[in-house]
>>> print(open('model-v9.txt').read())   # compact mmCIF, N, CA and C atoms
# COMPACT_ATOMS: atom_id res chain seq x y z
N MET M 272 15.82 -72.88 -43.87
CA MET M 272 15.79 -72.64 -45.29
C MET M 272 16.37 -71.28 -45.63
N THR M 273 16.07 -70.33 -44.80
CA THR M 273 16.59 -68.98 -45.06
C THR M 273 18.10 -68.93 -44.87
N LYS M 274 18.62 -69.73 -43.95
CA LYS M 274 20.05 -69.76 -43.75
C LYS M 274 20.76 -70.33 -44.98
N ILE M 275 20.21 -71.37 -45.54
CA ILE M 275 20.79 -71.98 -46.74
C ILE M 275 20.75 -70.99 -47.89
N PHE M 276 19.64 -70.30 -48.05
CA PHE M 276 19.51 -69.31 -49.11
C PHE M 276 20.52 -68.16 -48.92
N LEU M 277 20.73 -67.74 -47.69
CA LEU M 277 21.69 -66.67 -47.38
C LEU M 277 23.12 -67.11 -47.71
N ILE M 278 23.47 -68.31 -47.34
CA ILE M 278 24.81 -68.83 -47.61
C ILE M 278 25.05 -68.96 -49.11
N ILE M 279 24.07 -69.49 -49.84
CA ILE M 279 24.21 -69.64 -51.28
C ILE M 279 24.30 -68.28 -51.97
N SER M 280 23.53 -67.33 -51.50
CA SER M 280 23.58 -66.00 -52.11
C SER M 280 24.92 -65.32 -51.85
N LEU M 281 25.47 -65.47 -50.66
CA LEU M 281 26.79 -64.89 -50.37
C LEU M 281 27.88 -65.52 -51.23
N LEU M 282 27.84 -66.82 -51.39
CA LEU M 282 28.83 -67.49 -52.23
C LEU M 282 28.68 -67.13 -53.69
N SER M 283 27.46 -67.01 -54.15
CA SER M 283 27.25 -66.67 -55.56
C SER M 283 27.63 -65.22 -55.85
N VAL M 284 27.42 -64.31 -54.90
CA VAL M 284 27.84 -62.92 -55.08
C VAL M 284 29.35 -62.84 -55.21
N GLN M 285 30.05 -63.58 -54.37
CA GLN M 285 31.51 -63.59 -54.45
C GLN M 285 31.98 -64.16 -55.79
N LEU M 286 31.30 -65.17 -56.28
CA LEU M 286 31.66 -65.77 -57.55
C LEU M 286 31.43 -64.81 -58.71
N PHE M 287 30.34 -64.08 -58.68
CA PHE M 287 30.04 -63.14 -59.77
C PHE M 287 30.93 -61.91 -59.76
N TYR M 288 31.38 -61.50 -58.59
CA TYR M 288 32.24 -60.32 -58.51
C TYR M 288 33.74 -60.65 -58.59
N SER M 289 34.08 -61.88 -58.70
CA SER M 289 35.50 -62.22 -58.84
C SER M 289 36.00 -61.76 -60.21
N GLN M 290 37.27 -61.41 -60.26
CA GLN M 290 37.84 -60.87 -61.50
C GLN M 290 38.84 -61.85 -62.07
N GLU M 291 38.91 -61.86 -63.36
CA GLU M 291 39.87 -62.69 -64.06
C GLU M 291 40.93 -61.78 -64.67
N VAL M 292 42.20 -62.08 -64.42
CA VAL M 292 43.29 -61.29 -64.96
C VAL M 292 43.52 -61.74 -66.40
N VAL M 293 43.31 -60.82 -67.32
CA VAL M 293 43.42 -61.15 -68.73
C VAL M 293 44.81 -60.86 -69.25
N ASP M 294 45.35 -59.68 -68.94
CA ASP M 294 46.64 -59.27 -69.46
C ASP M 294 47.52 -58.86 -68.29
N LEU M 295 48.51 -59.66 -67.99
CA LEU M 295 49.40 -59.38 -66.87
C LEU M 295 50.81 -59.22 -67.41
N LYS M 296 51.43 -58.12 -67.08
CA LYS M 296 52.79 -57.86 -67.52
C LYS M 296 53.69 -57.78 -66.28
N VAL M 297 54.73 -58.59 -66.24
CA VAL M 297 55.67 -58.62 -65.14
C VAL M 297 56.89 -57.82 -65.54
N GLU M 298 57.24 -56.83 -64.72
CA GLU M 298 58.40 -56.02 -65.01
C GLU M 298 59.60 -56.58 -64.27
N ASN M 299 60.70 -56.69 -64.96
CA ASN M 299 61.94 -57.15 -64.37
C ASN M 299 63.02 -56.18 -64.79
N ASN M 300 63.56 -55.43 -63.84
CA ASN M 300 64.58 -54.45 -64.17
C ASN M 300 66.00 -55.00 -64.04
N ARG M 301 66.12 -56.30 -63.89
CA ARG M 301 67.44 -56.91 -63.79
C ARG M 301 68.09 -56.95 -65.17
N LYS M 302 69.33 -56.55 -65.19
CA LYS M 302 70.05 -56.54 -66.46
C LYS M 302 70.67 -57.92 -66.67
N THR M 303 70.41 -58.52 -67.82
CA THR M 303 70.90 -59.87 -68.08
C THR M 303 71.99 -59.88 -69.14
N ASP M 304 72.49 -58.71 -69.52
CA ASP M 304 73.50 -58.66 -70.56
C ASP M 304 74.92 -58.76 -70.01
N THR M 305 75.08 -59.14 -68.74
CA THR M 305 76.41 -59.27 -68.17
C THR M 305 76.97 -60.65 -68.48
N PRO M 306 78.27 -60.74 -68.75
CA PRO M 306 78.86 -62.05 -69.00
C PRO M 306 78.93 -62.87 -67.71
N LEU M 307 79.17 -64.15 -67.85
CA LEU M 307 79.20 -65.03 -66.69
C LEU M 307 80.50 -64.94 -65.90
N ASP M 308 81.62 -64.71 -66.59
CA ASP M 308 82.91 -64.66 -65.92
C ASP M 308 83.60 -63.34 -66.18
N LEU M 309 84.55 -63.03 -65.32
CA LEU M 309 85.36 -61.83 -65.48
C LEU M 309 86.53 -62.13 -66.41
N ASN M 310 86.95 -61.14 -67.17
CA ASN M 310 88.13 -61.36 -68.01
C ASN M 310 89.39 -61.10 -67.20
N LYS M 311 90.53 -61.43 -67.79
CA LYS M 311 91.80 -61.37 -67.08
C LYS M 311 92.15 -59.94 -66.63
N LYS M 312 91.84 -58.96 -67.48
CA LYS M 312 92.13 -57.57 -67.16
C LYS M 312 91.31 -57.10 -65.95
N GLN M 313 90.04 -57.49 -65.92
CA GLN M 313 89.19 -57.13 -64.79
C GLN M 313 89.67 -57.79 -63.50
N ILE M 314 90.05 -59.04 -63.59
CA ILE M 314 90.53 -59.76 -62.40
C ILE M 314 91.77 -59.08 -61.84
N GLU M 315 92.70 -58.68 -62.71
CA GLU M 315 93.90 -58.00 -62.25
C GLU M 315 93.57 -56.67 -61.59
N LEU M 316 92.64 -55.92 -62.18
CA LEU M 316 92.24 -54.63 -61.62
C LEU M 316 91.60 -54.81 -60.24
N TYR M 317 90.62 -55.69 -60.15
CA TYR M 317 89.90 -55.88 -58.89
C TYR M 317 90.80 -56.49 -57.81
N ASN M 318 91.62 -57.44 -58.19
CA ASN M 318 92.52 -58.07 -57.23
C ASN M 318 93.53 -57.05 -56.71
N GLY M 319 94.02 -56.19 -57.60
CA GLY M 319 94.96 -55.16 -57.19
C GLY M 319 94.32 -54.16 -56.23
N ARG M 320 93.08 -53.78 -56.51
CA ARG M 320 92.39 -52.84 -55.62
C ARG M 320 92.15 -53.45 -54.25
N PHE M 321 91.79 -54.74 -54.22
CA PHE M 321 91.57 -55.38 -52.92
C PHE M 321 92.89 -55.53 -52.17
N SER M 322 93.97 -55.83 -52.87
CA SER M 322 95.28 -55.93 -52.22
C SER M 322 95.68 -54.59 -51.62
N GLN M 323 95.41 -53.50 -52.35
CA GLN M 323 95.70 -52.16 -51.83
C GLN M 323 94.85 -51.88 -50.58
N PHE M 324 93.60 -52.32 -50.60
CA PHE M 324 92.73 -52.11 -49.46
C PHE M 324 93.23 -52.88 -48.25
N VAL M 325 93.68 -54.12 -48.45
CA VAL M 325 94.18 -54.93 -47.34
C VAL M 325 95.46 -54.30 -46.78
N ALA M 326 96.33 -53.78 -47.65
CA ALA M 326 97.55 -53.12 -47.18
C ALA M 326 97.20 -51.86 -46.38
N ALA M 327 96.20 -51.10 -46.82
CA ALA M 327 95.77 -49.91 -46.08
C ALA M 327 95.10 -50.31 -44.77
N LEU M 328 94.40 -51.42 -44.76
CA LEU M 328 93.77 -51.92 -43.54
C LEU M 328 94.84 -52.34 -42.54
N LYS M 329 95.90 -52.94 -43.04
CA LYS M 329 96.99 -53.40 -42.19
C LYS M 329 97.69 -52.21 -41.52
N SER M 330 97.88 -51.13 -42.27
CA SER M 330 98.55 -49.95 -41.72
C SER M 330 97.58 -48.94 -41.11
N SER M 331 96.29 -49.27 -41.09
CA SER M 331 95.23 -48.41 -40.55
C SER M 331 95.20 -47.05 -41.23
N ASP M 332 95.39 -47.03 -42.54
CA ASP M 332 95.38 -45.80 -43.33
C ASP M 332 93.95 -45.54 -43.81
N ARG M 333 93.21 -44.77 -43.03
CA ARG M 333 91.79 -44.54 -43.30
C ARG M 333 91.57 -43.82 -44.63
N LYS M 334 92.39 -42.83 -44.94
CA LYS M 334 92.21 -42.08 -46.19
C LYS M 334 92.42 -42.98 -47.41
N ARG M 335 93.38 -43.85 -47.35
CA ARG M 335 93.66 -44.76 -48.46
C ARG M 335 92.50 -45.75 -48.63
N MET M 336 91.96 -46.24 -47.51
CA MET M 336 90.83 -47.17 -47.59
C MET M 336 89.61 -46.46 -48.20
N GLU M 337 89.35 -45.24 -47.78
CA GLU M 337 88.21 -44.50 -48.31
C GLU M 337 88.36 -44.20 -49.79
N SER M 338 89.59 -43.99 -50.26
CA SER M 338 89.79 -43.71 -51.68
C SER M 338 89.51 -44.93 -52.55
N LEU M 339 89.57 -46.13 -51.97
CA LEU M 339 89.32 -47.35 -52.72
C LEU M 339 87.84 -47.78 -52.67
N LEU M 340 87.05 -47.14 -51.82
CA LEU M 340 85.63 -47.48 -51.69
C LEU M 340 84.79 -46.67 -52.67
N SER M 341 83.66 -47.23 -53.07
CA SER M 341 82.72 -46.52 -53.93
C SER M 341 81.97 -45.47 -53.10
N ASP M 342 81.31 -44.56 -53.78
CA ASP M 342 80.55 -43.51 -53.09
C ASP M 342 79.43 -44.09 -52.25
N ASN M 343 78.77 -45.13 -52.75
CA ASN M 343 77.68 -45.76 -51.98
C ASN M 343 78.21 -46.42 -50.72
N ALA M 344 79.39 -47.01 -50.78
CA ALA M 344 79.97 -47.66 -49.61
C ALA M 344 80.43 -46.64 -48.59
N LYS M 345 80.94 -45.50 -49.06
CA LYS M 345 81.42 -44.47 -48.13
C LYS M 345 80.29 -43.93 -47.26
N LYS M 346 79.07 -43.97 -47.77
CA LYS M 346 77.93 -43.44 -47.02
C LYS M 346 77.61 -44.29 -45.78
N VAL M 347 77.88 -45.57 -45.85
CA VAL M 347 77.47 -46.46 -44.76
C VAL M 347 78.63 -46.97 -43.90
N VAL M 348 79.86 -46.77 -44.35
CA VAL M 348 81.01 -47.28 -43.61
C VAL M 348 81.39 -46.29 -42.51
N THR M 349 81.50 -46.81 -41.29
CA THR M 349 81.88 -46.00 -40.13
C THR M 349 83.18 -46.54 -39.54
N ASP M 350 83.64 -45.90 -38.48
CA ASP M 350 84.85 -46.38 -37.80
C ASP M 350 84.66 -47.79 -37.26
N ALA M 351 83.45 -48.08 -36.81
CA ALA M 351 83.17 -49.42 -36.27
C ALA M 351 83.32 -50.49 -37.36
N VAL M 352 82.94 -50.15 -38.59
CA VAL M 352 83.06 -51.10 -39.69
C VAL M 352 84.53 -51.35 -40.01
N TYR M 353 85.34 -50.29 -40.03
CA TYR M 353 86.77 -50.46 -40.27
C TYR M 353 87.41 -51.30 -39.16
N THR M 354 87.01 -51.06 -37.93
CA THR M 354 87.55 -51.84 -36.81
C THR M 354 87.16 -53.31 -36.94
N LYS M 355 85.90 -53.56 -37.28
CA LYS M 355 85.43 -54.95 -37.43
C LYS M 355 86.16 -55.64 -38.58
N LEU M 356 86.36 -54.93 -39.70
CA LEU M 356 87.10 -55.53 -40.81
C LEU M 356 88.54 -55.84 -40.39
N GLY M 357 89.13 -54.95 -39.60
CA GLY M 357 90.50 -55.18 -39.13
C GLY M 357 90.62 -56.42 -38.26
N THR M 358 89.57 -56.74 -37.51
CA THR M 358 89.61 -57.94 -36.67
C THR M 358 89.21 -59.20 -37.43
N GLU M 359 88.33 -59.05 -38.42
CA GLU M 359 87.82 -60.21 -39.17
C GLU M 359 88.81 -60.69 -40.24
N ILE M 360 89.53 -59.76 -40.87
CA ILE M 360 90.46 -60.12 -41.95
C ILE M 360 91.87 -60.17 -41.39
N ASN M 361 92.51 -61.30 -41.55
CA ASN M 361 93.89 -61.46 -41.12
C ASN M 361 94.80 -60.93 -42.23
N THR M 362 95.39 -59.77 -42.01
CA THR M 362 96.19 -59.12 -43.05
C THR M 362 97.59 -59.71 -43.20
N THR M 363 98.00 -60.56 -42.28
CA THR M 363 99.34 -61.15 -42.38
C THR M 363 99.35 -62.43 -43.22
N ARG M 364 98.19 -63.03 -43.41
CA ARG M 364 98.11 -64.26 -44.20
C ARG M 364 97.87 -63.93 -45.67
N LYS M 365 98.44 -64.72 -46.54
CA LYS M 365 98.28 -64.52 -47.98
C LYS M 365 96.92 -65.08 -48.41
N MET M 366 96.29 -64.38 -49.37
CA MET M 366 94.98 -64.80 -49.86
C MET M 366 95.07 -65.21 -51.32
N GLU M 367 94.17 -66.11 -51.71
CA GLU M 367 94.08 -66.52 -53.10
C GLU M 367 92.61 -66.57 -53.53
N ILE M 368 92.42 -66.40 -54.82
CA ILE M 368 91.07 -66.36 -55.38
C ILE M 368 90.51 -67.78 -55.50
N ILE M 369 89.27 -67.97 -55.05
CA ILE M 369 88.63 -69.28 -55.21
C ILE M 369 87.44 -69.21 -56.15
N LYS M 370 86.82 -68.03 -56.28
CA LYS M 370 85.64 -67.92 -57.13
C LYS M 370 85.53 -66.49 -57.62
N MET M 371 85.09 -66.34 -58.87
CA MET M 371 84.87 -65.01 -59.41
C MET M 371 83.68 -65.05 -60.34
N GLY M 372 83.03 -63.92 -60.48
CA GLY M 372 81.86 -63.85 -61.33
C GLY M 372 81.08 -62.59 -61.04
N TYR M 373 79.77 -62.68 -61.19
CA TYR M 373 78.91 -61.53 -60.95
C TYR M 373 77.91 -61.87 -59.87
N LYS M 374 77.59 -60.88 -59.04
CA LYS M 374 76.66 -61.08 -57.93
C LYS M 374 75.48 -60.12 -58.09
N PRO M 375 74.25 -60.64 -58.14
CA PRO M 375 73.08 -59.75 -58.19
C PRO M 375 72.80 -59.18 -56.80
N LEU M 376 72.48 -57.90 -56.76
CA LEU M 376 72.15 -57.25 -55.50
C LEU M 376 70.68 -56.86 -55.48
N LEU M 377 70.23 -56.34 -54.37
CA LEU M 377 68.82 -56.01 -54.20
C LEU M 377 68.33 -54.91 -55.13
N ASP M 378 69.24 -54.08 -55.63
CA ASP M 378 68.81 -53.00 -56.53
C ASP M 378 68.53 -53.49 -57.94
N GLY M 379 68.73 -54.78 -58.20
CA GLY M 379 68.44 -55.35 -59.51
C GLY M 379 69.64 -55.38 -60.43
N ASN M 380 70.75 -54.79 -60.04
CA ASN M 380 71.96 -54.78 -60.87
C ASN M 380 72.90 -55.91 -60.44
N THR M 381 73.75 -56.31 -61.36
CA THR M 381 74.77 -57.30 -61.04
C THR M 381 76.12 -56.61 -61.05
N TYR M 382 76.95 -56.99 -60.09
CA TYR M 382 78.26 -56.38 -59.92
C TYR M 382 79.33 -57.46 -59.92
N PRO M 383 80.55 -57.12 -60.34
CA PRO M 383 81.66 -58.09 -60.29
C PRO M 383 81.95 -58.49 -58.85
N MET M 384 82.28 -59.76 -58.65
CA MET M 384 82.52 -60.29 -57.32
C MET M 384 83.69 -61.26 -57.38
N ILE M 385 84.55 -61.20 -56.37
CA ILE M 385 85.65 -62.15 -56.22
C ILE M 385 85.61 -62.68 -54.79
N GLN M 386 85.76 -63.99 -54.65
CA GLN M 386 85.84 -64.60 -53.32
C GLN M 386 87.27 -65.07 -53.09
N TYR M 387 87.77 -64.79 -51.90
CA TYR M 387 89.12 -65.16 -51.51
C TYR M 387 89.09 -66.14 -50.36
N LYS M 388 90.16 -66.93 -50.27
CA LYS M 388 90.39 -67.76 -49.09
C LYS M 388 91.86 -67.58 -48.74
N TYR M 389 92.21 -67.98 -47.55
CA TYR M 389 93.61 -67.90 -47.14
C TYR M 389 94.39 -69.03 -47.80
N ALA M 390 95.59 -68.73 -48.27
CA ALA M 390 96.37 -69.68 -49.05
C ALA M 390 96.78 -70.91 -48.23
N ASP M 391 96.94 -70.75 -46.92
CA ASP M 391 97.35 -71.89 -46.11
C ASP M 391 96.19 -72.80 -45.73
N ASP M 392 94.97 -72.44 -46.08
CA ASP M 392 93.80 -73.29 -45.85
C ASP M 392 93.65 -74.23 -47.05
N LYS M 393 94.07 -75.46 -46.91
CA LYS M 393 94.09 -76.42 -48.02
C LYS M 393 92.82 -77.25 -48.13
N ALA M 394 91.83 -76.97 -47.30
CA ALA M 394 90.59 -77.73 -47.33
C ALA M 394 89.81 -77.42 -48.61
N VAL M 395 89.04 -78.41 -49.06
CA VAL M 395 88.21 -78.23 -50.25
C VAL M 395 87.14 -77.16 -49.97
N ASP M 396 86.58 -77.20 -48.79
CA ASP M 396 85.58 -76.24 -48.35
C ASP M 396 86.24 -75.34 -47.29
N PRO M 397 86.78 -74.17 -47.69
CA PRO M 397 87.56 -73.35 -46.74
C PRO M 397 86.73 -72.87 -45.55
N LYS M 398 87.42 -72.71 -44.41
CA LYS M 398 86.75 -72.29 -43.19
C LYS M 398 86.48 -70.78 -43.18
N GLU M 399 87.33 -70.01 -43.85
CA GLU M 399 87.16 -68.56 -43.90
C GLU M 399 87.15 -68.11 -45.34
N VAL M 400 86.12 -67.36 -45.72
CA VAL M 400 85.97 -66.86 -47.08
C VAL M 400 85.70 -65.36 -46.99
N ILE M 401 86.33 -64.60 -47.88
CA ILE M 401 86.11 -63.17 -47.94
C ILE M 401 85.52 -62.86 -49.31
N THR M 402 84.32 -62.33 -49.34
CA THR M 402 83.65 -61.96 -50.58
C THR M 402 83.76 -60.46 -50.77
N VAL M 403 84.26 -60.06 -51.94
CA VAL M 403 84.42 -58.63 -52.24
C VAL M 403 83.62 -58.33 -53.50
N VAL M 404 82.74 -57.33 -53.41
CA VAL M 404 81.92 -56.91 -54.54
C VAL M 404 82.44 -55.56 -55.01
N PHE M 405 82.63 -55.43 -56.32
CA PHE M 405 83.21 -54.23 -56.90
C PHE M 405 82.20 -53.54 -57.82
N GLU M 406 82.41 -52.25 -58.05
CA GLU M 406 81.73 -51.57 -59.13
C GLU M 406 82.56 -51.81 -60.39
N ASN M 407 82.00 -51.52 -61.55
CA ASN M 407 82.70 -51.80 -62.80
C ASN M 407 83.99 -51.00 -62.95
N ASP M 408 84.09 -49.84 -62.29
CA ASP M 408 85.30 -49.04 -62.39
C ASP M 408 86.39 -49.48 -61.43
N GLY M 409 86.15 -50.49 -60.63
CA GLY M 409 87.17 -51.03 -59.74
C GLY M 409 87.02 -50.60 -58.29
N LYS M 410 86.11 -49.71 -58.01
CA LYS M 410 85.89 -49.28 -56.62
C LYS M 410 85.19 -50.41 -55.86
N ILE M 411 85.54 -50.54 -54.59
CA ILE M 411 84.98 -51.60 -53.75
C ILE M 411 83.60 -51.19 -53.26
N LEU M 412 82.61 -52.02 -53.53
CA LEU M 412 81.23 -51.76 -53.12
C LEU M 412 80.93 -52.42 -51.77
N GLY M 413 81.56 -53.55 -51.50
CA GLY M 413 81.31 -54.23 -50.23
C GLY M 413 82.30 -55.35 -49.98
N ILE M 414 82.58 -55.59 -48.72
CA ILE M 414 83.47 -56.68 -48.29
C ILE M 414 82.74 -57.44 -47.20
N LYS M 415 82.68 -58.77 -47.37
CA LYS M 415 81.99 -59.59 -46.38
C LYS M 415 82.88 -60.78 -46.00
N PRO M 416 83.55 -60.71 -44.84
CA PRO M 416 84.28 -61.88 -44.35
C PRO M 416 83.30 -62.88 -43.73
N PHE M 417 83.54 -64.15 -43.98
CA PHE M 417 82.65 -65.19 -43.49
C PHE M 417 83.48 -66.31 -42.88
N LYS M 418 83.18 -66.68 -41.64
CA LYS M 418 83.85 -67.79 -40.97
C LYS M 418 82.82 -68.87 -40.70
N LYS M 419 83.16 -70.08 -41.11
CA LYS M 419 82.26 -71.21 -40.85
C LYS M 419 82.45 -71.68 -39.43
N THR M 420 81.34 -71.87 -38.75
CA THR M 420 81.38 -72.41 -37.41
C THR M 420 80.68 -73.76 -37.42
N LYS M 421 81.18 -74.66 -36.61
CA LYS M 421 80.62 -76.01 -36.57
C LYS M 421 79.65 -76.15 -35.45
>>> encode(input="model-v9.txt", output="structure tokens")
Amino acid sequence: MTKIFLIISLLSVQLFYSQEVVDLKVENNRKTDTPLDLNKKQIELYNGRFSQFVAALKSSDRKRMESLLSDNAKKVVTDAVYTKLGTEINTTRKMEIIKMGYKPLLDGNTYPMIQYKYADDKAVDPKEVITVVFENDGKILGIKPFKKTK
């Protein structure tokens, strides 16, 4: 009998001390005032900057590549990253745009993004895709080459 009374008292104490959330406010610092697509002027600017970066990558011009990167990207890019980009991106093949828009990042902001594929890849679902994220002023924030493996 005492065990039953102890169990009931423990359960009732938990029930009486439970709290009900009356007013809950969720903060969201994501900016939603960005348009869904890039305009023609932005596409030309970003595409031109990426083309300049690929040309600098082809000639291994480190200073030119650094001038096209944003300040945040310069902090984390090392020689190993430039070497890896040089091996991952084929600079002799022509690229074309397959997708453009805005990409949300972990900091809560959305940035312009363009995805490229190689022009000679005629598949509906390309095997190699290069995603480039830009800052609004045209500086490159990040480049991510992606190869599909089967």
>>> residues_near_point(input="model-v9.txt", point="(83.3, -58.1, -60.1)", cutoff="7 Å", atoms="only N, CA and C atoms", output="list of chain:residue names")
M:Leu309, M:Met371, M:Gly372, M:Tyr373, M:Lys374, M:Tyr382, M:Pro383, M:Met384, M:Ile385, M:Val403, M:Val404, M:Phe405, M:Glu406, M:Asn407
>>> atom_distance(input="model-v9.txt", atom1="atom N of Asn318 in chain M", atom2="CA of Lys410 in chain M")
10.1 Å
>>> select_by_dssp(input="model-v9.txt", residues="chain M", states="helix (DSSP H, G or I)", output="PyMOL selection string")
chain M and resi 273-288+311-329+333-339+342-347+350-359
>>> atom_distance(input="model-v9.txt", atom1="CA of Leu376 in chain M", atom2="CA of Ala326 in chain M")
27.0 Å
>>> atom_distance(input="model-v9.txt", atom1="CA of Gln323 in chain M", atom2="CA of Ile414 in chain M")
13.5 Å
>>> closest_residue(input="model-v9.txt", among="M:Phe417, M:Asn310, M:Asn361, M:Ile411", to="Ser338 in chain M", atoms="all atoms listed in the file")
M:Ile411
>>> build_atoms(input="model-v9.txt", residues="range 362-374 of chain M", atoms="N, CA, C and O atoms", output="short mmCIF file (atom, residue, chain, number, x, y, z; two decimals), in the frame of the given file")
data_model
loop_
_atom_site.label_atom_id
_atom_site.label_comp_id
_atom_site.auth_asym_id
_atom_site.auth_seq_id
_atom_site.Cartn_x
_atom_site.Cartn_y
_atom_site.Cartn_z
N THR M 362 95.39 -59.77 -42.01
CA THR M 362 96.19 -59.12 -43.05
C THR M 362 97.59 -59.71 -43.20
O THR M 362 98.28 -59.41 -44.17
N THR M 363 98.00 -60.56 -42.28
CA THR M 363 99.34 -61.15 -42.38
C THR M 363 99.35 -62.43 -43.22
O THR M 363 100.40 -62.84 -43.69
N ARG M 364 98.19 -63.03 -43.41
CA ARG M 364 98.11 -64.26 -44.20
C ARG M 364 97.87 -63.93 -45.67
O ARG M 364 97.16 -62.98 -46.00
N LYS M 365 98.44 -64.72 -46.54
CA LYS M 365 98.28 -64.52 -47.98
C LYS M 365 96.92 -65.08 -48.41
O LYS M 365 96.47 -66.10 -47.92
N MET M 366 96.29 -64.38 -49.37
CA MET M 366 94.98 -64.80 -49.86
C MET M 366 95.07 -65.21 -51.32
O MET M 366 95.92 -64.73 -52.06
N GLU M 367 94.17 -66.11 -51.71
CA GLU M 367 94.08 -66.52 -53.10
C GLU M 367 92.61 -66.57 -53.53
O GLU M 367 91.72 -66.74 -52.71
N ILE M 368 92.42 -66.40 -54.82
CA ILE M 368 91.07 -66.36 -55.38
C ILE M 368 90.51 -67.78 -55.50
O ILE M 368 91.19 -68.68 -55.98
N ILE M 369 89.27 -67.97 -55.05
CA ILE M 369 88.63 -69.28 -55.21
C ILE M 369 87.44 -69.21 -56.15
O ILE M 369 87.08 -70.21 -56.76
N LYS M 370 86.82 -68.03 -56.28
CA LYS M 370 85.64 -67.92 -57.13
C LYS M 370 85.53 -66.49 -57.62
O LYS M 370 85.82 -65.55 -56.89
N MET M 371 85.09 -66.34 -58.87
CA MET M 371 84.87 -65.01 -59.41
C MET M 371 83.68 -65.05 -60.34
O MET M 371 83.33 -66.10 -60.89
N GLY M 372 83.03 -63.92 -60.48
CA GLY M 372 81.86 -63.85 -61.33
C GLY M 372 81.08 -62.59 -61.04
O GLY M 372 81.65 -61.56 -60.68
N TYR M 373 79.77 -62.68 -61.19
CA TYR M 373 78.91 -61.53 -60.95
C TYR M 373 77.91 -61.87 -59.87
O TYR M 373 77.44 -63.00 -59.77
N LYS M 374 77.59 -60.88 -59.04
CA LYS M 374 76.66 -61.08 -57.93
C LYS M 374 75.48 -60.12 -58.09
O LYS M 374 75.67 -58.92 -58.16
#
